[in-house]
$ cat target27.cif   # mmCIF, C-alpha atoms
data_work
loop_
_atom_site.label_atom_id
_atom_site.label_comp_id
_atom_site.auth_asym_id
_atom_site.auth_seq_id
_atom_site.Cartn_x
_atom_site.Cartn_y
_atom_site.Cartn_z
CA MET W 196 75.67 79.39 9.60
CA PHE W 197 77.54 79.33 12.87
CA PHE W 198 80.67 80.35 14.65
CA TYR W 199 82.89 77.57 15.84
CA ILE W 200 84.92 78.51 18.88
CA TYR W 201 87.45 75.92 19.85
CA ILE W 202 87.87 76.11 23.60
CA MET W 203 88.39 73.11 25.74
CA ILE W 204 89.09 71.89 29.19
CA GLN W 205 90.73 68.49 29.26
CA GLN W 206 91.13 66.72 32.56
CA TYR W 207 93.10 63.61 33.44
CA HIS W 208 93.32 61.61 36.64
CA ILE W 209 96.58 59.72 36.87
CA GLN W 210 98.30 57.65 39.49
CA LEU W 211 102.05 57.81 39.91
CA PRO W 212 103.84 54.66 41.01
CA ALA W 213 105.16 54.73 44.57
CA PHE W 214 108.40 56.69 44.71
CA SER W 215 111.02 56.60 47.43
CA ARG W 216 111.38 59.53 49.79
CA GLY W 217 113.09 62.34 47.93
CA PHE W 218 112.73 64.47 44.82
CA HIS W 219 111.94 62.92 41.44
CA ILE W 220 111.52 64.35 37.96
CA ILE W 221 108.10 63.36 36.58
CA THR W 222 107.82 65.51 33.46
CA ASP W 223 107.67 62.47 31.20
CA HIS W 224 105.12 60.69 33.40
CA ILE W 225 102.87 63.66 32.93
CA LEU W 226 103.46 64.14 29.22
CA ASN W 227 102.83 60.44 28.60
CA SER W 228 99.48 60.67 30.40
CA VAL W 229 97.86 63.41 28.34
CA ASP W 230 96.64 63.74 24.78
CA GLN W 231 98.19 66.08 22.27
CA LEU W 232 98.60 69.44 23.98
CA PRO W 233 96.84 72.45 22.44
CA GLU W 234 98.23 75.37 20.49
CA LYS W 235 97.93 77.76 23.39
CA GLY W 236 96.89 77.35 27.00
CA VAL W 237 97.90 76.41 30.52
CA MET W 238 98.42 73.03 32.15
CA HIS W 239 97.52 72.77 35.82
CA VAL W 240 98.87 69.76 37.74
CA PHE W 241 97.49 69.08 41.21
CA ILE W 242 98.53 66.47 43.78
CA GLN W 243 95.73 65.12 45.99
CA HIS W 244 97.92 64.53 49.04
CA THR W 245 99.20 66.49 52.03
CA SER W 246 102.58 64.83 52.57
CA ALA W 247 103.93 65.20 49.04
CA ALA W 248 104.22 68.22 46.78
CA LEU W 249 104.93 69.40 43.25
CA THR W 250 107.51 71.96 42.19
CA ILE W 251 109.51 72.95 39.12
CA ASN W 252 113.28 72.94 39.20
CA GLU W 253 116.43 71.89 37.41
CA ASN W 254 116.21 68.81 35.21
CA ALA W 255 119.83 68.08 34.37
CA ASP W 256 122.13 67.45 37.32
CA SER W 257 120.80 64.74 39.61
CA THR W 258 122.76 66.10 42.58
CA VAL W 259 120.23 68.93 42.69
CA LEU W 260 117.59 66.37 43.64
CA LEU W 261 119.79 65.05 46.46
CA ASP W 262 120.52 68.57 47.71
CA PHE W 263 116.80 69.34 47.83
CA GLU W 264 116.31 66.36 50.13
CA THR W 265 119.20 67.42 52.37
CA VAL W 266 118.15 71.05 52.60
CA PHE W 267 114.48 70.34 53.32
CA ASN W 268 115.45 67.92 56.09
CA LYS W 269 117.62 70.60 57.69
CA LEU W 270 114.98 73.29 57.22
CA ILE W 271 112.17 71.21 58.77
CA PRO W 272 113.85 68.69 61.08
CA GLU W 273 112.27 65.54 62.44
CA ASN W 274 112.19 64.46 66.08
CA VAL W 275 112.02 67.94 67.57
CA PRO W 276 110.03 68.20 70.79
CA TYR W 277 107.46 70.76 69.66
CA TYR W 278 105.45 68.66 67.21
CA ARG W 279 102.06 67.54 68.49
CA HIS W 280 100.97 65.61 65.37
CA ILE W 281 103.37 62.68 65.62
CA ILE W 282 101.00 59.73 65.55
CA GLU W 283 102.09 58.49 62.12
CA GLY W 284 105.84 58.71 62.73
CA SER W 285 108.63 61.25 62.82
CA ASP W 286 108.37 62.00 59.11
CA ASP W 287 104.66 62.85 59.30
CA MET W 288 104.39 66.45 60.51
CA PRO W 289 107.57 67.57 58.69
CA ALA W 290 106.00 66.14 55.53
CA HIS W 291 102.93 68.35 55.94
CA ILE W 292 105.02 71.48 56.41
CA LYS W 293 107.31 70.70 53.47
CA ALA W 294 104.27 69.99 51.31
CA SER W 295 102.83 73.45 51.96
CA LEU W 296 106.19 75.18 51.51
CA LEU W 297 106.44 73.76 48.00
CA GLY W 298 102.76 73.60 47.17
CA SER W 299 100.16 71.19 45.86
CA SER W 300 100.10 72.37 42.26
CA VAL W 301 102.13 73.75 39.40
CA ASN W 302 100.88 75.75 36.43
CA ILE W 303 102.77 75.65 33.17
CA PRO W 304 102.03 77.53 29.96
CA VAL W 305 101.41 75.51 26.80
CA LYS W 306 102.38 76.70 23.33
CA ASN W 307 102.34 74.93 19.96
CA GLY W 308 101.48 71.61 21.53
CA ARG W 309 104.32 71.69 24.06
CA LEU W 310 104.85 72.69 27.67
CA LYS W 311 106.67 76.02 27.65
CA LEU W 312 109.15 75.03 30.33
CA GLY W 313 112.55 76.66 30.26
CA THR W 314 115.48 74.61 28.98
CA TRP W 315 116.50 73.49 32.45
CA GLN W 316 113.09 73.09 34.02
CA GLY W 317 111.42 69.82 34.97
CA ILE W 318 108.42 68.94 37.10
CA TYR W 319 109.35 67.40 40.45
CA LEU W 320 107.38 65.04 42.62
CA CYS W 321 108.51 65.85 46.16
CA GLU W 322 107.92 62.72 48.25
CA PHE W 323 108.26 63.38 51.98
CA ARG W 324 107.10 60.08 53.50
CA ASN W 325 109.49 57.23 54.29
CA ARG W 326 107.05 54.64 52.99
CA ALA W 327 104.73 56.33 50.56
CA GLY W 328 102.17 54.72 48.33
CA LYS W 329 101.04 55.66 44.87
CA ARG W 330 100.17 59.32 44.47
CA ASN W 331 97.15 60.69 42.61
CA LEU W 332 97.40 63.67 40.32
CA VAL W 333 94.69 65.65 38.54
CA ILE W 334 95.87 67.36 35.38
CA THR W 335 93.70 70.05 33.80
CA VAL W 336 94.59 71.63 30.47
CA ILE W 337 92.80 74.87 29.62
CA SER W 338 93.04 75.90 25.99
CA MET S 253 71.70 82.95 13.48
CA PHE S 254 74.46 82.11 15.91
CA PHE S 255 75.69 82.40 19.44
CA TYR S 256 78.80 84.47 19.95
CA ILE S 257 80.82 83.34 22.95
CA TYR S 258 83.72 85.59 23.75
CA ILE S 259 86.41 83.45 25.31
CA MET S 260 90.06 83.97 24.75
CA ILE S 261 93.50 82.89 25.72
CA GLN S 262 96.14 85.53 25.16
CA GLN S 263 99.76 84.61 25.59
CA TYR S 264 102.84 86.82 25.71
CA HIS S 265 106.53 85.97 25.85
CA ILE S 266 108.53 88.77 27.42
CA GLN S 267 112.10 89.21 28.50
CA LEU S 268 112.95 91.16 31.62
CA PRO S 269 116.18 93.14 31.66
CA ALA S 270 118.92 91.71 33.88
CA PHE S 271 118.23 92.61 37.50
CA SER S 272 120.71 92.57 40.37
CA ARG S 273 120.46 89.86 43.01
CA GLY S 274 117.53 90.64 45.25
CA PHE S 275 113.81 91.29 45.10
CA HIS S 276 112.29 93.67 42.55
CA ILE S 277 108.76 94.85 41.86
CA ILE S 278 107.86 94.13 38.23
CA THR S 279 104.11 94.79 38.16
CA ASP S 280 104.54 97.64 35.66
CA HIS S 281 106.88 95.60 33.44
CA ILE S 282 104.13 93.04 33.16
CA LEU S 283 101.26 95.46 32.65
CA ASN S 284 103.22 97.31 29.96
CA SER S 285 103.77 94.03 28.09
CA VAL S 286 100.16 92.97 27.65
CA ASP S 287 97.18 94.28 25.71
CA GLN S 288 94.08 95.59 27.37
CA LEU S 289 93.08 93.11 30.05
CA PRO S 290 89.64 91.49 29.82
CA GLU S 291 86.50 92.09 31.87
CA LYS S 292 86.92 88.92 33.84
CA GLY S 293 89.59 86.26 34.00
CA VAL S 294 92.93 85.17 35.41
CA MET S 295 96.49 86.16 34.52
CA HIS S 296 99.12 83.46 34.87
CA VAL S 297 102.77 84.61 34.91
CA PHE S 298 105.47 81.96 34.60
CA ILE S 299 109.26 82.31 34.83
CA GLN S 300 111.26 79.91 32.65
CA HIS S 301 114.22 79.64 35.04
CA THR S 302 115.25 77.60 38.07
CA SER S 303 117.35 80.15 39.96
CA ALA S 304 114.81 82.97 40.05
CA ALA S 305 111.19 83.05 41.17
CA LEU S 306 107.99 85.08 41.21
CA THR S 307 105.95 86.03 44.24
CA ILE S 308 103.42 88.63 45.33
CA ASN S 309 104.14 90.88 48.28
CA GLU S 310 104.10 94.42 49.57
CA ASN S 311 104.58 97.17 47.02
CA ALA S 312 105.09 100.26 49.16
CA ASP S 313 108.04 100.14 51.56
CA SER S 314 111.29 99.27 49.81
CA THR S 315 112.82 97.95 53.04
CA VAL S 316 110.55 94.94 52.64
CA LEU S 317 112.51 94.02 49.51
CA LEU S 318 115.79 94.27 51.43
CA ASP S 319 114.44 92.20 54.31
CA PHE S 320 113.35 89.47 51.88
CA GLU S 321 116.93 89.23 50.64
CA THR S 322 118.32 89.07 54.18
CA VAL S 323 115.85 86.48 55.41
CA PHE S 324 116.20 84.17 52.42
CA ASN S 325 119.99 84.24 52.77
CA LYS S 326 119.68 83.23 56.41
CA LEU S 327 117.07 80.59 55.66
CA ILE S 328 119.11 78.96 52.86
CA PRO S 329 122.75 79.80 53.57
CA GLU S 330 125.60 79.58 51.07
CA ASN S 331 128.92 77.82 51.63
CA VAL S 332 127.58 75.07 53.83
CA PRO S 333 129.38 71.73 53.48
CA TYR S 334 126.38 69.61 52.52
CA TYR S 335 125.71 70.94 49.01
CA ARG S 336 126.79 68.64 46.20
CA HIS S 337 125.69 70.85 43.32
CA ILE S 338 128.28 73.63 43.65
CA ILE S 339 129.81 73.70 40.20
CA GLU S 340 128.38 77.09 39.28
CA GLY S 341 129.33 78.89 42.49
CA SER S 342 128.14 79.26 46.06
CA ASP S 343 124.94 81.04 45.05
CA ASP S 344 123.86 78.23 42.70
CA MET S 345 122.25 75.53 44.84
CA PRO S 346 120.73 78.03 47.30
CA ALA S 347 119.17 79.75 44.29
CA HIS S 348 117.44 76.53 43.24
CA ILE S 349 116.01 75.95 46.71
CA LYS S 350 114.84 79.54 47.10
CA ALA S 351 113.24 79.39 43.65
CA SER S 352 111.12 76.39 44.61
CA LEU S 353 110.20 77.85 48.01
CA LEU S 354 108.69 80.87 46.29
CA GLY S 355 107.59 79.23 43.08
CA SER S 356 107.83 79.68 39.34
CA SER S 357 104.45 81.25 38.76
CA VAL S 358 101.81 83.58 40.14
CA ASN S 359 98.11 83.64 39.29
CA ILE S 360 96.18 86.87 39.64
CA PRO S 361 92.47 87.46 39.04
CA VAL S 362 91.48 90.05 36.44
CA LYS S 363 88.35 92.19 36.71
CA ASN S 364 87.14 95.15 34.64
CA GLY S 365 90.36 95.32 32.67
CA ARG S 366 92.62 95.41 35.74
CA LEU S 367 94.60 93.00 37.86
CA LYS S 368 92.63 92.47 41.07
CA LEU S 369 95.66 92.81 43.32
CA GLY S 370 95.10 94.11 46.82
CA THR S 371 96.06 97.70 47.57
CA TRP S 372 99.48 96.74 48.89
CA GLN S 373 100.30 93.90 46.53
CA GLY S 374 102.90 93.92 43.78
CA ILE S 375 104.50 91.21 41.67
CA TYR S 376 108.11 90.47 42.64
CA LEU S 377 110.92 89.11 40.54
CA CYS S 378 113.10 87.20 43.02
CA GLU S 379 116.60 87.10 41.56
CA PHE S 380 118.89 84.68 43.38
CA ARG S 381 122.02 84.68 41.20
CA ASN S 382 124.91 87.08 41.75
CA ARG S 383 125.31 87.68 38.04
CA ALA S 384 122.03 86.95 36.37
CA GLY S 385 121.09 87.56 32.79
CA LYS S 386 117.77 88.54 31.29
CA ARG S 387 114.86 86.43 32.48
CA ASN S 388 112.09 85.07 30.26
CA LEU S 389 108.47 85.15 31.32
CA VAL S 390 105.41 83.63 29.71
CA ILE S 391 102.18 85.44 30.52
CA THR S 392 98.85 83.74 29.79
CA VAL S 393 95.55 85.57 30.24
CA ILE S 394 92.43 83.39 30.34
CA SER S 395 89.18 85.26 29.91
CA MET G 89 71.46 76.26 13.38
CA PHE G 90 74.31 76.87 15.80
CA PHE G 91 76.84 75.32 18.06
CA TYR G 92 76.44 76.00 21.73
CA ILE G 93 79.71 75.91 23.61
CA TYR G 94 79.32 76.17 27.32
CA ILE G 95 82.39 77.87 28.69
CA MET G 96 82.30 80.23 31.57
CA ILE G 97 84.34 82.24 33.95
CA GLN G 98 82.61 82.87 37.23
CA GLN G 99 84.16 85.27 39.69
CA TYR G 100 83.29 85.97 43.31
CA HIS G 101 84.61 88.53 45.76
CA ILE G 102 84.18 87.40 49.33
CA GLN G 103 85.27 88.68 52.70
CA LEU G 104 86.32 86.30 55.42
CA PRO G 105 85.56 87.23 59.03
CA ALA G 106 88.60 88.24 61.09
CA PHE G 107 90.45 85.15 62.23
CA SER G 108 92.97 84.89 65.05
CA ARG G 109 96.65 84.46 64.27
CA GLY G 110 97.19 80.91 63.14
CA PHE G 111 96.03 78.42 60.56
CA HIS G 112 92.32 77.88 59.83
CA ILE G 113 90.43 75.57 57.51
CA ILE G 114 88.16 77.63 55.23
CA THR G 115 87.01 75.05 52.68
CA ASP G 116 83.36 75.45 53.74
CA HIS G 117 83.57 79.25 53.72
CA ILE G 118 84.62 79.04 50.12
CA LEU G 119 82.13 76.39 49.03
CA ASN G 120 79.30 78.32 50.66
CA SER G 121 80.25 81.45 48.72
CA VAL G 122 80.04 80.07 45.21
CA ASP G 123 77.27 78.80 42.97
CA GLN G 124 77.02 75.21 41.81
CA LEU G 125 80.46 74.19 40.58
CA PRO G 126 80.79 73.05 36.97
CA GLU G 127 81.28 69.60 35.51
CA LYS G 128 84.94 70.20 34.76
CA GLY G 129 87.30 73.05 35.44
CA VAL G 130 89.65 74.75 37.89
CA MET G 131 88.95 76.97 40.89
CA HIS G 132 91.48 79.70 41.60
CA VAL G 133 91.36 81.32 45.05
CA PHE G 134 93.39 84.48 45.61
CA ILE G 135 93.99 86.47 48.82
CA GLN G 136 94.40 90.23 48.37
CA HIS G 137 96.78 90.69 51.29
CA THR G 138 100.51 90.45 51.97
CA SER G 139 100.49 89.28 55.60
CA ALA G 140 98.20 86.28 55.18
CA ALA G 141 98.34 83.36 52.78
CA LEU G 142 96.45 80.38 51.41
CA THR G 143 97.63 76.79 51.32
CA ILE G 144 96.21 73.28 51.13
CA ASN G 145 96.91 70.77 53.87
CA GLU G 146 95.41 68.19 56.19
CA ASN G 147 91.80 68.69 57.22
CA ALA G 148 91.33 66.13 60.00
CA ASP G 149 93.64 66.49 62.98
CA SER G 150 93.53 69.97 64.46
CA THR G 151 97.00 69.58 65.99
CA VAL G 152 98.37 69.95 62.46
CA LEU G 153 97.08 73.54 62.47
CA LEU G 154 98.88 74.22 65.77
CA ASP G 155 102.10 72.65 64.54
CA PHE G 156 102.02 74.84 61.43
CA GLU G 157 101.90 77.92 63.67
CA THR G 158 104.79 76.64 65.81
CA VAL G 159 106.99 75.67 62.89
CA PHE G 160 106.49 78.89 60.94
CA ASN G 161 107.34 80.94 64.02
CA LYS G 162 110.58 78.99 64.43
CA LEU G 163 111.39 79.20 60.74
CA ILE G 164 110.84 82.97 60.52
CA PRO G 165 111.41 84.33 64.03
CA GLU G 166 110.27 87.72 65.29
CA ASN G 167 112.42 90.28 67.10
CA VAL G 168 115.64 89.46 65.30
CA PRO G 169 117.95 92.42 64.77
CA TYR G 170 118.20 92.26 60.99
CA TYR G 171 114.67 93.36 60.04
CA ARG G 172 114.40 96.90 58.70
CA HIS G 173 110.64 96.92 58.12
CA ILE G 174 109.45 96.89 61.74
CA ILE G 175 107.18 99.93 61.82
CA GLU G 176 103.97 97.94 62.27
CA GLY G 177 105.22 95.61 65.01
CA SER G 178 107.32 92.52 65.47
CA ASP G 179 104.84 90.31 63.60
CA ASP G 180 104.87 92.51 60.49
CA MET G 181 107.95 91.55 58.48
CA PRO G 182 107.76 87.85 59.46
CA ALA G 183 104.16 87.91 58.19
CA HIS G 184 105.31 89.13 54.77
CA ILE G 185 107.94 86.39 54.48
CA LYS G 186 105.59 83.65 55.64
CA ALA G 187 102.94 84.89 53.19
CA SER G 188 105.31 84.49 50.25
CA LEU G 189 106.59 81.11 51.43
CA LEU G 190 103.05 79.75 51.34
CA GLY G 191 101.68 81.90 48.54
CA SER G 192 98.74 84.13 47.75
CA SER G 193 96.67 81.64 45.80
CA VAL G 194 95.63 78.02 45.45
CA ASN G 195 94.35 76.27 42.35
CA ILE G 196 92.07 73.28 42.71
CA PRO G 197 90.61 71.08 39.98
CA VAL G 198 86.83 70.80 39.75
CA LYS G 199 85.02 67.66 38.58
CA ASN G 200 81.32 66.74 38.55
CA GLY G 201 80.36 69.82 40.51
CA ARG G 202 82.88 69.26 43.31
CA LEU G 203 86.37 70.36 44.25
CA LYS G 204 88.70 67.46 43.46
CA LEU G 205 90.59 67.73 46.73
CA GLY G 206 92.14 64.58 48.13
CA THR G 207 90.38 62.91 51.06
CA TRP G 208 92.57 64.65 53.63
CA GLN G 209 92.95 68.03 51.95
CA GLY G 210 91.42 71.28 53.10
CA ILE G 211 92.02 74.92 52.19
CA TYR G 212 93.83 76.87 54.89
CA LEU G 213 93.74 80.56 55.66
CA CYS G 214 97.17 81.31 57.11
CA GLU G 215 96.80 84.40 59.31
CA PHE G 216 100.14 85.86 60.34
CA ARG G 217 99.13 89.10 62.08
CA ASN G 218 98.40 89.33 65.80
CA ARG G 219 95.39 91.55 65.24
CA ALA G 220 94.15 90.97 61.73
CA GLY G 221 90.99 92.31 60.17
CA LYS G 222 88.69 90.72 57.64
CA ARG G 223 90.46 89.28 54.63
CA ASN G 224 89.34 89.64 51.02
CA LEU G 225 89.41 86.73 48.60
CA VAL G 226 88.76 86.64 44.87
CA ILE G 227 87.55 83.26 43.61
CA THR G 228 87.60 82.53 39.89
CA VAL G 229 86.11 79.34 38.46
CA ILE G 230 87.12 78.46 34.91
CA SER G 231 84.98 75.84 33.27
#

$ encode --input "target27.cif" --output "structure tokens"
Amino acid sequence: MFFYIYIMIQQYHIQLPAFSRGFHIITDHILNSVDQLPEKGVMHVFIQHTSAALTINENADSTVLLDFETVFNKLIPENVPYYRHIIEGSDDMPAHIKASLLGSSVNIPVKNGRLKLGTWQGIYLCEFRNRAGKRNLVITVIS
Amino acid sequence: MFFYIYIMIQQYHIQLPAFSRGFHIITDHILNSVDQLPEKGVMHVFIQHTSAALTINENADSTVLLDFETVFNKLIPENVPYYRHIIEGSDDMPAHIKASLLGSSVNIPVKNGRLKLGTWQGIYLCEFRNRAGKRNLVITVIS
Amino acid sequence: MFFYIYIMIQQYHIQLPAFSRGFHIITDHILNSVDQLPEKGVMHVFIQHTSAALTINENADSTVLLDFETVFNKLIPENVPYYRHIIEGSDDMPAHIKASLLGSSVNIPVKNGRLKLGTWQGIYLCEFRNRAGKRNLVITVIS
């Protein structure tokens, strides 16, 4: 005689292909990298880098992605005289700041085996380097 | 003979009433929508929209809420010529950017049946649209 | 006869010493405050204040920390005429805005008893007040 309590933490390490500088929807990359999602829980996606970020925003009109790139470049300009950390190029320090403004992780509720994103929500990779390599993500599903 | 391990994920889908553009404290809306909180855990609150956000900030002086609105409008101005995504009005693209700057979710520790917010912390709904509708939240409590 | 399912929520309340205004790496403070980390899980770190924040960024070159302070002061300037909440000094309202831009918590995956930070990632305390006191954190490890 025993109780069976079905609780699980699933964790996945995935590598995104190198993306160009800019904002990219990666919802399908993530969904294709995990097993069947649980009935109820939370998915935590974490990026192991300091010059790229994750955020959630609109998944339909691709001009939104272009506007994100424009606005973040205006908000955190390159080639201003006050940066000290410029050894890796003019995109380096702005990339660090942008990464922290958007954050290194997103949390998304899971219900009935699906991410409970809103209709217009997608997961963005925010790539801030001019010549970036592959990016590593750690996905943890708590259910 | 058995072990009893009390672990639970509780999930709630709630709809906030339509709020005016600006910043609004919704801590009580959230607390009134959930059952008794557990002894120990984390509450994850997620907003299913891309033109509104959640954040945690000061809960006492209402001028803070007004200053948030002023500062975010200066930080991400409307009616600038570089937006491409303007089909839904001048508040549309700025709303998307502001939403990602603040984020679509907050995580708050839970202890002894209460949110472990600091004395001066409250949960904000950040409404960036001029004429917004009701907003859907998904609350997940892991304990 | 029974199943043994090892699931746990560990929670720690810690107090950081007072730090000067600026950005500080506190990864070791946090690791020294918790027990052995689990095989698999997520660590959630929450700051119970509205004029300081947590973020994750580069852990190697200390000029990054200085550039963060410079950039955030340019992004959210002090002594501008439009703040209403100025009772506690010119650093007060900017501190609230900066705190929400960076956020009150970070989530980090845990694997094999270690934080799964990237090679160059560290946890930052972002202190926005000129004369700040000790800061309280709540750390929750879900495993």

$ resolve_selection --input "target27.cif" --expression "the PyMOL selection byres ((chain W) within 9 of (chain G))" --output "VMD selection string"
chain W and resid 196 to 206 239 to 246 270 to 271 277 to 280 288 291 to 292 294 to 302 331 333 to 337

$ resolve_selection --input "target27.cif" --expression "the PyMOL selection byres ((chain S and resi 265) around 6)" --output "number ranges by chain"
S: 264, 266, 389-390

$ resolve_selection --input "target27.cif" --expression "the PyMOL selection byres ((chain G and resi 178) around 7)" --output "VMD selection string"
chain G and resid 166 to 167 174 177 179 to 180

$ residues_around --input "target27.cif" --residues "W:Arg309" --least-positions-apart "6" --cutoff "9 Å" --atoms "only C-alpha atoms" --output "ChimeraX atom specification"
/W:231-235

$ residues_around --input "target27.cif" --residues "S:Phe275" --least-positions-apart "2" --cutoff "8 Å" --atoms "all atoms listed in the file" --output "list of chain:residue names"
S:Arg273, S:Ile277, S:Leu317, S:Leu318, S:Phe320, S:Glu321, S:Tyr376, S:Leu377, S:Cys378, S:Glu379

$ atom_distance --input "target27.cif" --atom1 "atom CA of S:Ala305" --atom2 "atom CA of S:Ala347"
9.2 Å

$ atom_distance --input "target27.cif" --atom1 "atom CA of S:Lys386" --atom2 "atom CA of S:Ser272"
10.4 Å

$ atom_distance --input "target27.cif" --atom1 "atom CA of G:Ile114" --atom2 "atom CA of S:Leu367"
24.1 Å
